[in-house]
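Asks: Sharing structure04.csv below, CSV, C-alpha atoms:
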```csv
chain,number,residue,atom,x,y,z
A,1,MET,CA,188.6,55.6,138.4
A,2,GLU,CA,185.5,54.9,136.3
A,3,GLN,CA,186.6,51.3,135.7
A,4,ASP,CA,187.1,50.8,139.4
A,5,LYS,CA,183.5,52.2,140.1
A,6,LEU,CA,182.1,49.9,137.3
A,7,ALA,CA,183.9,46.9,138.8
A,8,GLU,CA,182.5,47.7,142.3
A,9,LEU,CA,178.9,48.0,140.9
A,10,ARG,CA,179.2,44.7,139.1
A,11,ALA,CA,180.5,43.0,142.2
A,12,ARG,CA,177.5,44.3,144.1
A,13,ILE,CA,175.1,43.0,141.4
A,14,ASP,CA,176.8,39.6,141.6
A,15,GLU,CA,176.3,39.5,145.3
A,16,ILE,CA,172.7,40.6,145.1
A,17,ASP,CA,172.1,37.8,142.4
A,18,ARG,CA,173.6,35.3,144.8
A,19,GLN,CA,171.2,36.4,147.6
A,20,LEU,CA,168.3,36.3,145.2
A,21,ILE,CA,169.0,32.7,144.1
A,22,GLU,CA,169.3,31.7,147.8
A,23,LEU,CA,166.1,33.4,148.7
A,24,LEU,CA,164.2,32.1,145.7
A,25,ASN,CA,165.3,28.5,146.6
A,26,ARG,CA,164.3,29.0,150.2
A,27,ARG,CA,160.9,30.3,149.1
A,28,THR,CA,160.5,27.3,146.8
A,29,GLN,CA,161.4,24.9,149.6
A,30,CYS,CA,158.6,26.4,151.7
A,31,VAL,CA,156.2,26.0,148.8
A,32,ILE,CA,157.1,22.3,148.5
A,33,GLU,CA,156.4,21.8,152.2
A,34,VAL,CA,153.1,23.7,151.9
A,35,GLY,CA,152.2,21.2,149.1
A,36,GLU,CA,153.0,18.3,151.2
A,37,VAL,CA,150.8,19.6,154.0
A,38,LYS,CA,147.9,20.2,151.6
A,39,SER,CA,148.2,16.7,150.1
A,40,LYS,CA,147.5,15.2,153.5
A,41,GLU,CA,144.3,17.2,154.1
A,42,GLU,CA,141.0,15.2,153.7
A,43,ASN,CA,139.4,17.8,151.4
A,44,PHE,CA,142.5,18.2,149.1
A,45,GLU,CA,141.4,18.4,145.5
A,46,GLN,CA,143.7,17.4,142.7
A,47,GLY,CA,144.5,20.4,140.4
A,48,ARG,CA,143.2,23.0,142.9
A,49,VAL,CA,146.5,24.4,144.1
A,50,PHE,CA,145.7,27.7,142.3
A,51,ARG,CA,144.3,30.0,145.0
A,52,PRO,CA,143.2,33.2,143.3
A,53,GLU,CA,142.4,35.1,146.5
A,54,ARG,CA,145.8,34.1,148.1
A,55,GLU,CA,147.6,35.1,144.9
A,56,ALA,CA,145.8,38.5,144.8
A,57,GLN,CA,146.7,39.1,148.4
A,58,ILE,CA,150.4,38.3,147.8
A,59,LEU,CA,150.5,40.6,144.7
A,60,GLN,CA,148.8,43.4,146.5
A,61,ARG,CA,151.3,43.1,149.4
A,62,ILE,CA,154.2,43.1,147.0
A,63,ARG,CA,152.9,46.2,145.3
A,64,ASP,CA,152.5,47.9,148.6
A,65,LEU,CA,156.1,47.1,149.5
A,66,ASN,CA,157.5,48.3,146.2
A,67,GLU,CA,159.4,51.5,146.5
A,68,GLY,CA,160.9,51.5,142.9
A,69,PRO,CA,162.6,52.1,140.6
A,70,LEU,CA,160.7,49.1,139.3
A,71,SER,CA,157.0,49.9,138.6
A,72,ASP,CA,154.2,48.0,140.4
A,73,ASP,CA,153.4,46.3,137.1
A,74,GLN,CA,157.0,45.2,136.6
A,75,VAL,CA,157.1,43.8,140.1
A,76,GLU,CA,153.8,42.0,139.6
A,77,LEU,CA,155.1,40.4,136.4
A,78,LEU,CA,158.2,39.1,138.2
A,79,PHE,CA,156.2,37.7,141.1
A,80,ARG,CA,153.6,36.1,138.9
A,81,GLU,CA,156.4,34.0,137.4
A,82,VAL,CA,157.6,33.1,140.8
A,83,ILE,CA,154.1,32.1,141.8
A,84,SER,CA,153.7,30.1,138.6
A,85,MET,CA,156.9,28.1,139.3
A,86,SER,CA,155.7,27.6,142.9
A,87,ILE,CA,152.4,26.1,141.7
A,88,ALA,CA,154.2,23.9,139.3
A,89,PHE,CA,156.3,22.5,142.2
A,90,GLN,CA,153.2,21.7,144.1
A,91,GLN,CA,151.3,20.2,141.2
A,92,PRO,CA,151.3,21.1,137.5
A,93,ILE,CA,148.1,22.6,136.1
A,94,SER,CA,146.8,23.0,132.6
A,95,VAL,CA,144.9,26.0,131.1
A,96,ALA,CA,142.8,26.0,128.0
A,97,TYR,CA,142.5,29.3,126.1
A,98,LEU,CA,141.0,30.6,122.8
A,99,GLY,CA,143.8,29.9,120.3
A,100,PRO,CA,145.8,29.7,118.2
A,101,VAL,CA,149.2,30.3,119.8
A,102,GLY,CA,150.2,33.9,119.8
A,103,THR,CA,146.7,35.4,120.3
A,104,TYR,CA,145.7,37.9,122.9
A,105,SER,CA,143.9,35.1,124.8
A,106,HIS,CA,147.3,33.4,124.8
A,107,SER,CA,148.9,36.5,126.3
A,108,ALA,CA,146.1,36.7,128.9
A,109,ALA,CA,146.7,33.1,130.0
A,110,ILE,CA,150.4,33.7,130.3
A,111,LYS,CA,149.8,36.9,132.2
A,112,GLN,CA,147.5,35.2,134.8
A,113,PHE,CA,149.3,31.8,135.1
A,114,GLY,CA,152.9,32.4,134.1
A,115,ARG,CA,155.1,30.5,131.8
A,116,SER,CA,155.5,27.4,134.1
A,117,THR,CA,151.9,26.5,133.4
A,118,THR,CA,150.9,24.2,130.5
A,119,VAL,CA,148.6,26.2,128.2
A,120,ARG,CA,146.5,24.6,125.5
A,121,PRO,CA,145.0,26.5,122.6
A,122,GLN,CA,141.4,25.7,121.6
A,123,PRO,CA,139.6,26.4,118.3
A,124,SER,CA,136.6,28.1,119.9
A,125,ILE,CA,135.3,29.6,123.2
A,126,GLN,CA,132.9,26.7,123.4
A,127,ASP,CA,135.8,24.3,123.3
A,128,VAL,CA,137.5,26.2,126.2
A,129,PHE,CA,134.4,25.7,128.3
A,130,HIS,CA,134.2,22.0,127.3
A,131,GLN,CA,137.9,21.3,128.2
A,132,VAL,CA,137.3,22.6,131.7
A,133,GLU,CA,133.9,21.0,132.1
A,134,THR,CA,135.3,17.6,131.2
A,135,ASP,CA,138.5,18.0,133.4
A,136,ASN,CA,140.8,18.0,130.4
A,137,ALA,CA,142.0,21.3,131.7
A,138,HIS,CA,142.0,22.7,135.2
A,139,TYR,CA,141.2,26.2,134.1
A,140,GLY,CA,140.2,28.2,131.0
A,141,VAL,CA,140.8,31.8,129.8
A,142,VAL,CA,138.2,33.4,127.6
A,143,PRO,CA,137.6,37.0,126.5
A,144,VAL,CA,134.5,38.6,127.9
A,145,GLU,CA,134.6,42.3,126.8
A,146,ASN,CA,136.7,44.8,124.9
A,147,SER,CA,136.8,48.5,125.7
A,148,THR,CA,136.0,49.5,122.1
A,149,GLU,CA,134.1,46.5,120.7
A,150,GLY,CA,131.9,45.7,123.8
A,151,ALA,CA,130.8,42.3,125.1
A,152,VAL,CA,132.0,39.0,123.7
A,153,ASN,CA,128.5,37.4,123.2
A,154,GLN,CA,129.9,33.9,122.6
A,155,THR,CA,131.4,33.8,126.1
A,156,LEU,CA,128.2,35.2,127.7
A,157,ASP,CA,126.0,32.6,125.9
A,158,CYS,CA,128.2,29.7,127.0
A,159,PHE,CA,127.6,30.7,130.7
A,160,ILE,CA,123.8,30.2,130.2
A,161,ASP,CA,124.2,26.5,129.9
A,162,SER,CA,127.4,26.0,131.9
A,163,ASN,CA,128.0,25.4,135.6
A,164,LEU,CA,131.6,26.6,135.5
A,165,ARG,CA,132.6,29.4,137.8
A,166,VAL,CA,134.4,32.6,137.2
A,167,CYS,CA,137.6,32.3,139.3
A,168,GLY,CA,139.4,35.5,138.2
A,169,GLU,CA,139.7,38.2,135.7
A,170,VAL,CA,142.6,39.5,133.6
A,171,ASN,CA,142.7,43.0,132.1
A,172,LEU,CA,145.0,43.0,129.1
A,173,PRO,CA,146.0,46.3,127.3
A,174,ILE,CA,145.8,45.6,123.6
A,175,HIS,CA,148.9,46.9,121.8
A,176,HIS,CA,149.3,46.2,118.1
A,177,ALA,CA,152.7,45.9,116.5
A,178,LEU,CA,153.8,45.7,112.9
A,179,MET,CA,156.1,42.7,112.3
A,180,ALA,CA,157.9,40.9,109.5
A,181,GLN,CA,160.6,38.4,108.7
A,182,ARG,CA,164.0,39.2,110.2
A,183,GLY,CA,165.9,41.6,107.9
A,184,VAL,CA,162.8,42.9,106.1
A,185,GLU,CA,162.6,46.7,105.9
A,186,VAL,CA,159.3,48.6,105.9
A,187,LYS,CA,160.0,50.1,102.4
A,188,SER,CA,160.0,46.5,100.9
A,189,ILE,CA,156.6,45.5,102.4
A,190,GLN,CA,153.9,44.8,99.8
A,191,LYS,CA,151.1,43.4,101.9
A,192,ILE,CA,149.9,43.5,105.6
A,193,TYR,CA,147.9,40.6,107.2
A,194,SER,CA,145.8,41.0,110.3
A,195,HIS,CA,142.4,40.3,111.8
A,196,GLU,CA,139.8,42.7,110.6
A,197,GLN,CA,139.3,44.2,114.0
A,198,SER,CA,143.0,44.9,114.4
A,199,LEU,CA,143.1,46.5,110.9
A,200,ALA,CA,140.2,48.7,112.0
A,201,GLN,CA,141.9,49.6,115.3
A,202,CYS,CA,145.1,50.7,113.4
A,203,ARG,CA,143.3,52.4,110.5
A,204,ASN,CA,144.6,55.9,111.1
A,205,TRP,CA,148.2,54.8,111.7
A,206,LEU,CA,148.1,52.8,108.5
A,207,ARG,CA,146.7,55.7,106.5
A,208,GLU,CA,149.3,58.1,107.8
A,209,ASN,CA,152.3,55.8,107.6
A,210,LEU,CA,151.7,53.1,105.0
A,211,PRO,CA,148.8,54.4,102.8
A,212,GLU,CA,149.9,52.6,99.6
A,213,ILE,CA,150.3,49.1,101.1
A,214,GLN,CA,147.6,46.5,100.6
A,215,THR,CA,145.9,45.0,103.7
A,216,GLN,CA,144.2,41.6,103.9
A,217,ALA,CA,142.0,40.4,106.7
A,218,VAL,CA,142.6,36.8,108.1
A,219,VAL,CA,141.0,34.7,110.8
A,220,SER,CA,143.3,35.8,113.6
A,221,ASN,CA,146.4,37.9,114.4
A,222,ALA,CA,148.3,34.7,115.1
A,223,GLU,CA,147.5,33.5,111.6
A,224,ALA,CA,148.7,36.8,110.2
A,225,ALA,CA,152.0,36.4,112.0
A,226,ARG,CA,152.3,32.8,110.8
A,227,LEU,CA,151.7,33.9,107.2
A,228,ALA,CA,154.3,36.7,107.6
A,229,SER,CA,156.8,34.2,108.8
A,230,LEU,CA,156.3,32.2,105.5
A,231,GLU,CA,156.0,34.8,102.9
A,232,GLU,CA,158.5,37.4,101.7
A,233,ASN,CA,157.9,41.1,101.7
A,234,VAL,CA,154.8,40.9,103.8
A,235,ALA,CA,154.1,42.1,107.3
A,236,ALA,CA,151.5,41.3,110.1
A,237,ILE,CA,149.8,43.4,112.7
A,238,ALA,CA,149.6,41.4,115.9
A,239,GLY,CA,150.6,41.3,119.5
A,240,GLU,CA,154.3,41.2,120.4
A,241,LEU,CA,153.9,37.6,121.7
A,242,ALA,CA,153.2,36.5,118.2
A,243,ALA,CA,156.5,38.0,117.1
A,244,ASP,CA,158.3,35.9,119.6
A,245,GLN,CA,156.3,32.8,118.6
A,246,PHE,CA,157.0,33.1,114.9
A,247,GLN,CA,160.5,34.6,115.1
A,248,LEU,CA,159.6,38.0,113.5
A,249,ASP,CA,161.2,41.4,113.9
A,250,LEU,CA,159.1,44.2,115.4
A,251,LEU,CA,159.1,47.1,112.9
A,252,HIS,CA,156.8,49.4,114.8
A,253,SER,CA,155.1,49.0,118.3
A,254,ASN,CA,151.9,50.5,119.7
A,255,ILE,CA,150.4,51.4,116.4
A,256,GLU,CA,146.8,51.2,117.6
A,257,ASP,CA,144.7,54.4,117.2
A,258,GLN,CA,143.4,54.3,120.8
A,259,ALA,CA,146.0,53.9,123.4
A,260,SER,CA,143.4,52.9,126.0
A,261,ASN,CA,142.2,49.8,124.1
A,262,ALA,CA,142.0,46.8,126.4
A,263,THR,CA,140.3,43.4,126.7
A,264,ARG,CA,139.0,41.8,129.8
A,265,PHE,CA,139.2,38.0,130.2
A,266,PHE,CA,137.6,35.6,132.6
A,267,VAL,CA,139.4,32.7,134.3
A,268,LEU,CA,137.0,29.7,134.2
A,269,GLY,CA,137.1,26.9,136.9
A,270,LYS,CA,135.0,24.8,139.2
A,271,GLN,CA,136.0,26.3,142.6
A,272,ASN,CA,134.3,28.9,144.7
A,273,VAL,CA,136.9,31.6,145.5
A,274,PRO,CA,137.0,33.0,149.1
A,275,PRO,CA,137.1,36.8,149.6
A,276,SER,CA,140.5,38.5,148.9
A,277,GLY,CA,139.6,41.9,150.3
A,278,SER,CA,139.1,43.5,146.8
A,279,ASP,CA,136.6,41.5,144.8
A,280,LYS,CA,133.9,41.6,142.1
A,281,THR,CA,130.9,39.3,141.5
A,282,SER,CA,129.3,38.3,138.2
A,283,LEU,CA,125.6,37.3,138.0
A,284,LEU,CA,123.3,35.9,135.4
A,285,VAL,CA,119.7,37.1,136.0
A,286,ASN,CA,116.7,35.8,134.1
A,287,THR,CA,113.7,38.1,134.4
A,288,ALA,CA,110.0,37.8,133.6
A,289,ASN,CA,108.9,39.4,130.4
A,290,ARG,CA,107.2,42.5,131.9
A,291,SER,CA,107.6,46.2,132.1
A,292,GLY,CA,110.0,47.4,134.8
A,293,ALA,CA,111.6,44.0,135.3
A,294,LEU,CA,115.2,45.3,135.0
A,295,VAL,CA,114.5,48.2,137.3
A,296,GLU,CA,113.3,45.8,139.9
A,297,VAL,CA,116.5,43.8,139.6
A,298,LEU,CA,118.9,46.8,139.7
A,299,SER,CA,117.1,48.8,142.5
A,300,PRO,CA,118.5,46.7,145.4
A,301,PHE,CA,122.1,47.5,144.4
A,302,GLN,CA,121.3,51.2,144.5
A,303,ARG,CA,119.6,51.0,147.9
A,304,HIS,CA,122.6,49.1,149.4
A,305,GLY,CA,125.2,51.4,147.8
A,306,ILE,CA,126.8,48.6,145.7
A,307,SER,CA,128.5,49.8,142.5
A,308,LEU,CA,127.6,48.1,139.3
A,309,THR,CA,130.5,47.8,136.8
A,310,ARG,CA,128.7,46.2,133.9
A,311,VAL,CA,125.2,45.3,132.7
A,312,VAL,CA,124.8,43.3,129.4
A,313,THR,CA,121.6,42.0,127.9
A,314,ARG,CA,121.3,38.8,125.9
A,315,PRO,CA,118.2,36.9,124.5
A,316,ALA,CA,117.1,34.1,126.7
A,317,ARG,CA,117.1,30.5,125.3
A,318,SER,CA,113.4,30.3,125.8
A,319,GLY,CA,112.6,33.0,123.2
A,320,ASN,CA,109.3,34.8,123.6
A,321,TRP,CA,111.3,38.1,123.7
A,322,SER,CA,112.6,37.2,127.1
A,323,TYR,CA,116.1,38.3,128.1
A,324,VAL,CA,118.9,37.4,130.6
A,325,PHE,CA,121.1,40.1,132.2
A,326,PHE,CA,124.8,39.7,132.9
A,327,ILE,CA,125.6,41.9,135.9
A,328,ASP,CA,129.1,42.6,137.4
A,329,PHE,CA,129.4,44.6,140.6
A,330,ASP,CA,131.9,45.4,143.3
A,331,GLY,CA,132.0,43.0,146.3
A,332,HIS,CA,131.9,39.3,147.2
A,333,ALA,CA,128.9,37.1,147.5
A,334,GLU,CA,129.9,36.2,151.1
A,335,GLU,CA,129.7,39.8,152.3
A,336,ASP,CA,126.6,40.5,154.3
A,337,SER,CA,125.6,43.5,152.3
A,338,VAL,CA,126.0,41.6,149.0
A,339,ALA,CA,124.0,38.6,150.4
A,340,SER,CA,121.1,40.9,151.3
A,341,VAL,CA,121.1,42.4,147.7
A,342,LEU,CA,121.1,38.9,146.2
A,343,ASP,CA,118.2,37.8,148.4
A,344,GLU,CA,116.2,40.9,147.1
A,345,VAL,CA,117.1,40.2,143.5
A,346,ARG,CA,116.0,36.6,143.8
A,347,SER,CA,112.6,37.7,145.1
A,348,VAL,CA,111.9,39.6,141.9
A,349,ALA,CA,113.8,37.6,139.3
A,350,TYR,CA,112.7,34.5,137.5
A,351,ASP,CA,116.1,33.0,138.0
A,352,LEU,CA,119.5,34.1,139.4
A,353,LYS,CA,122.8,32.3,139.0
A,354,ILE,CA,126.0,33.5,140.6
A,355,LEU,CA,128.7,33.0,138.0
A,356,GLY,CA,131.4,33.7,140.6
A,357,SER,CA,133.1,36.1,143.0
A,358,TYR,CA,136.8,36.7,142.3
A,359,PRO,CA,139.6,39.1,143.0
A,360,ARG,CA,139.5,42.4,141.1
A,361,ALA,CA,142.3,42.6,138.5
A,362,PHE,CA,144.9,45.3,139.1
A,363,ASP,CA,144.6,48.4,136.8
A,364,ASN,CA,147.4,48.5,134.2
```
Starting from the file, lay out its structure as structure tokens.

Replies:
Amino acid sequence: MEQDKLAELRARIDEIDRQLIELLNRRTQCVIEVGEVKSKEENFEQGRVFRPEREAQILQRIRDLNEGPLSDDQVELLFREVISMSIAFQQPISVAYLGPVGTYSHSAAIKQFGRSTTVRPQPSIQDVFHQVETDNAHYGVVPVENSTEGAVNQTLDCFIDSNLRVCGEVNLPIHHALMAQRGVEVKSIQKIYSHEQSLAQCRNWLRENLPEIQTQAVVSNAEAARLASLEENVAAIAGELAADQFQLDLLHSNIEDQASNATRFFVLGKQNVPPSGSDKTSLLVNTANRSGALVEVLSPFQRHGISLTRVVTRPARSGNWSYVFFIDFDGHAEEDSVASVLDEVRSVAYDLKILGSYPRAFDN
């Protein structure tokens, strides 16, 4: 009886798989036809098949339709890969990210663009900007802030001199894992490699579980994983993507001390993104060096009931104790209420640059 029930369920799965393949190919054929129509438009831009607002709307609709047992995040992951393949059928795109391979920036690039996209590691944040500015990559992915470490100042400083736009954001939960060569047991580990920040974020776990093992800081978690793949009786603390990249076994997962640890990334590009229905905007504001300047800049947001999500201060290039402010807030620059606020801010600021309006990332 049980065998008959199992056979019936497997037959149903086989039939559903057949339908899935048929539907995926029908969807892909529609995508190909969309690409053909786009290519005939006069304003068609090479490499601009990525539509962040359209993608956000699709994913929101898919989440709304989802009734389980798959979670919304699992459904989103599946459809991001479908969208990635669809984009590749229309026109392959390339994405630069802060490398090396196996870093959290790598994970963020894959999360946003899927595995059908060509991703290219870069040695620095400045190089990511340069690759996009010179059209050697269509888009870039760079970290902008961490929930425990704060703003990534290198990224903010690059925006001061760059004309690139923020086309999207990626929120990536940061989960650290202990990994080693296949077959290595925890009791045989003599040394653990990781980036100094990751070691600090796993300090309590290490003290409680592996207090006698030596730790050594290296330039990145990906480098730690690479070293672990080459040396015997050592381990690395890194993201799970690094374990896949360097063929390592996961010994322990989620060993970070703060489960809420996350990093936010910006997607860099050259396009203005239309409203998606749930958007954020990032500004760079340069104020005069006088008392109350920041209050004058922020007051219009309060008067119009627009919620600020981040304000970061950086020294201005001009020196003289002047500062620029990076401001993120809810809303799109094309909305009437936001446009009114921006006009008021321009009237009191020395300079204002809209870095971009883009779809709000889904909460994980």

Asks: Grab the atom CA of Val95 of chain A to atom CA of Ile110 of chain A distance for me, in Å with one decimal place.

Replies: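 It comes out at 9.5 Å.
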
Asks: Go through A:Asp249, A:Asp257, A:Asp343, A:Glu240 one by one, measure the shortest atom-to-atom distance of each to Glu208 of chain A using only C-alpha atoms, and give the residue with the smallest value.

Replies: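 Selected residue with least distance to Glu208 of chain A: A:Asp257.
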
Asks: Please measure the separation of atom CA of Glu232 of chain A and atom CA of Gln122 of chain A, giving the value in Å to one decimal.

Replies: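 If I compute the distance from atom CA of Glu232 of chain A to atom CA of Gln122 of chain A, I get 28.7 Å.
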
Asks: Do you know which residues are at most 10 Å from Asn163 of chain A counting only C-alpha atoms, after dropping those on the same chain fewer than 3 positions away, and could you put them as a VMD selection string?

Replies: chain A and resid 129 133 158 to 160 166 269 to 270 353 to 355

Asks: Selection from above, C-alpha atoms, as a PDB file, keeping the file's coordinate frame, can you write it?

Replies:
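Output file out-v8.pdb follows:
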```
ATOM      1  CA  PHE A 129     134.400  25.700 128.300  1.00  0.00           C
ATOM      2  CA  GLU A 133     133.900  21.000 132.100  1.00  0.00           C
ATOM      3  CA  CYS A 158     128.200  29.700 127.000  1.00  0.00           C
ATOM      4  CA  PHE A 159     127.600  30.700 130.700  1.00  0.00           C
ATOM      5  CA  ILE A 160     123.800  30.200 130.200  1.00  0.00           C
ATOM      6  CA  VAL A 166     134.400  32.600 137.200  1.00  0.00           C
ATOM      7  CA  GLY A 269     137.100  26.900 136.900  1.00  0.00           C
ATOM      8  CA  LYS A 270     135.000  24.800 139.200  1.00  0.00           C
ATOM      9  CA  LYS A 353     122.800  32.300 139.000  1.00  0.00           C
ATOM     10  CA  ILE A 354     126.000  33.500 140.600  1.00  0.00           C
ATOM     11  CA  LEU A 355     128.700  33.000 138.000  1.00  0.00           C
TER      12      LEU A 355
END
```

Asks: For Phe329 of chain A, which of A:Asp279, A:Glu36, A:Glu2, A:Glu231 is the closest residue, counting all atoms listed in the file?

Replies: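 Checking each candidate against Phe329 of chain A, we get A:Asp279 as the closest.
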
Asks: Give me, please, the distance in Å between atom CA of Gln214 of chain A and atom CA of Gln247 of chain A, quoted to one decimal.

Replies: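 Between these atoms lies a distance of 22.8 Å.
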
Asks: Would you list the contacts of Gly239 of chain A as an NGL selection string, taking every protein, DNA or RNA residue within 7 Å and counting all atoms listed in the file, but skipping same-chain residues closer than 6 positions in sequence?

Replies: :A and (104 or 175-177)

Asks: May I have the centre and edge lengths, in Å to one decimal, of an axis-aligned box around the listed atoms of segment 146-151 of chain A with 6 Å added to every side, as lines of an AutoDock Vina configuration file?

Replies:
```
center_x = 133.8
center_y = 45.9
center_z = 123.2
size_x = 18.0
size_y = 19.2
size_z = 17.0
```

Asks: Leaving out Ser276 of chain A and any residue of its chain fewer than 5 positions from it, which residues lie within 10 Å of it when counting only C-alpha atoms, given as an NGL selection string?

Replies: :A and (52-58 or 60 or 331-332 or 357-360)

Asks: Would you mind completing segment 132-139 of chain A to all heavy atoms and writing the output as a PDB file, in the coordinates of the input?

Replies:
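Okay, this is what ended up in selection_32.pdb:
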```
ATOM      1  N   VAL A 132     137.354  22.494 130.273  1.00  0.00           N
ATOM      2  CA  VAL A 132     137.300  22.600 131.700  1.00  0.00           C
ATOM      3  C   VAL A 132     136.180  21.789 132.311  1.00  0.00           C
ATOM      4  O   VAL A 132     136.341  21.141 133.356  1.00  0.00           O
ATOM      5  CB  VAL A 132     137.161  24.101 132.137  1.00  0.00           C
ATOM      6  CG1 VAL A 132     137.166  24.252 133.654  1.00  0.00           C
ATOM      7  CG2 VAL A 132     138.277  24.947 131.524  1.00  0.00           C
ATOM      8  N   GLU A 133     135.036  21.772 131.661  1.00  0.00           N
ATOM      9  CA  GLU A 133     133.900  21.000 132.100  1.00  0.00           C
ATOM     10  C   GLU A 133     134.211  19.510 132.219  1.00  0.00           C
ATOM     11  O   GLU A 133     133.733  18.811 133.124  1.00  0.00           O
ATOM     12  CB  GLU A 133     132.690  21.236 131.234  1.00  0.00           C
ATOM     13  CG  GLU A 133     132.074  22.617 131.386  1.00  0.00           C
ATOM     14  CD  GLU A 133     131.079  22.941 130.278  1.00  0.00           C
ATOM     15  OE1 GLU A 133     131.120  22.277 129.216  1.00  0.00           O
ATOM     16  OE2 GLU A 133     130.272  23.865 130.467  1.00  0.00           O
ATOM     17  N   THR A 134     135.004  19.002 131.284  1.00  0.00           N
ATOM     18  CA  THR A 134     135.300  17.600 131.200  1.00  0.00           C
ATOM     19  C   THR A 134     136.647  17.243 131.917  1.00  0.00           C
ATOM     20  O   THR A 134     137.152  16.122 131.794  1.00  0.00           O
ATOM     21  CB  THR A 134     135.383  17.093 129.768  1.00  0.00           C
ATOM     22  OG1 THR A 134     136.341  17.883 129.042  1.00  0.00           O
ATOM     23  CG2 THR A 134     134.020  17.212 129.100  1.00  0.00           C
ATOM     24  N   ASP A 135     137.216  18.219 132.631  1.00  0.00           N
ATOM     25  CA  ASP A 135     138.500  18.000 133.400  1.00  0.00           C
ATOM     26  C   ASP A 135     139.668  17.722 132.502  1.00  0.00           C
ATOM     27  O   ASP A 135     140.668  17.159 132.972  1.00  0.00           O
ATOM     28  CB  ASP A 135     138.308  16.935 134.446  1.00  0.00           C
ATOM     29  CG  ASP A 135     137.335  17.322 135.542  1.00  0.00           C
ATOM     30  OD1 ASP A 135     137.317  18.507 135.914  1.00  0.00           O
ATOM     31  OD2 ASP A 135     136.584  16.439 136.009  1.00  0.00           O
ATOM     32  N   ASN A 136     139.595  18.069 131.234  1.00  0.00           N
ATOM     33  CA  ASN A 136     140.800  18.000 130.400  1.00  0.00           C
ATOM     34  C   ASN A 136     141.712  19.150 130.585  1.00  0.00           C
ATOM     35  O   ASN A 136     142.860  19.126 130.128  1.00  0.00           O
ATOM     36  CB  ASN A 136     140.353  17.887 128.909  1.00  0.00           C
ATOM     37  CG  ASN A 136     139.726  16.548 128.567  1.00  0.00           C
ATOM     38  OD1 ASN A 136     140.236  15.500 128.962  1.00  0.00           O
ATOM     39  ND2 ASN A 136     138.613  16.576 127.860  1.00  0.00           N
ATOM     40  N   ALA A 137     141.219  20.178 131.235  1.00  0.00           N
ATOM     41  CA  ALA A 137     142.000  21.300 131.700  1.00  0.00           C
ATOM     42  C   ALA A 137     141.531  21.759 133.020  1.00  0.00           C
ATOM     43  O   ALA A 137     140.331  21.667 133.310  1.00  0.00           O
ATOM     44  CB  ALA A 137     141.955  22.463 130.656  1.00  0.00           C
ATOM     45  N   HIS A 138     142.446  22.218 133.853  1.00  0.00           N
ATOM     46  CA  HIS A 138     142.000  22.700 135.200  1.00  0.00           C
ATOM     47  C   HIS A 138     141.304  24.007 135.123  1.00  0.00           C
ATOM     48  O   HIS A 138     140.375  24.249 135.896  1.00  0.00           O
ATOM     49  CB  HIS A 138     143.250  22.796 136.092  1.00  0.00           C
ATOM     50  CG  HIS A 138     143.960  21.505 136.348  1.00  0.00           C
ATOM     51  ND1 HIS A 138     145.219  21.230 135.873  1.00  0.00           N
ATOM     52  CD2 HIS A 138     143.563  20.399 137.019  1.00  0.00           C
ATOM     53  CE1 HIS A 138     145.582  20.023 136.251  1.00  0.00           C
ATOM     54  NE2 HIS A 138     144.596  19.492 136.946  1.00  0.00           N
ATOM     55  N   TYR A 139     141.756  24.882 134.209  1.00  0.00           N
ATOM     56  CA  TYR A 139     141.200  26.200 134.100  1.00  0.00           C
ATOM     57  C   TYR A 139     141.083  26.611 132.617  1.00  0.00           C
ATOM     58  O   TYR A 139     141.680  25.979 131.738  1.00  0.00           O
ATOM     59  CB  TYR A 139     142.007  27.256 134.854  1.00  0.00           C
ATOM     60  CG  TYR A 139     142.073  26.964 136.335  1.00  0.00           C
ATOM     61  CD1 TYR A 139     143.138  26.249 136.873  1.00  0.00           C
ATOM     62  CD2 TYR A 139     141.045  27.365 137.186  1.00  0.00           C
ATOM     63  CE1 TYR A 139     143.177  25.943 138.225  1.00  0.00           C
ATOM     64  CE2 TYR A 139     141.079  27.061 138.534  1.00  0.00           C
ATOM     65  CZ  TYR A 139     142.143  26.351 139.054  1.00  0.00           C
ATOM     66  OH  TYR A 139     142.162  26.044 140.389  1.00  0.00           O
TER      67      TYR A 139
END
```
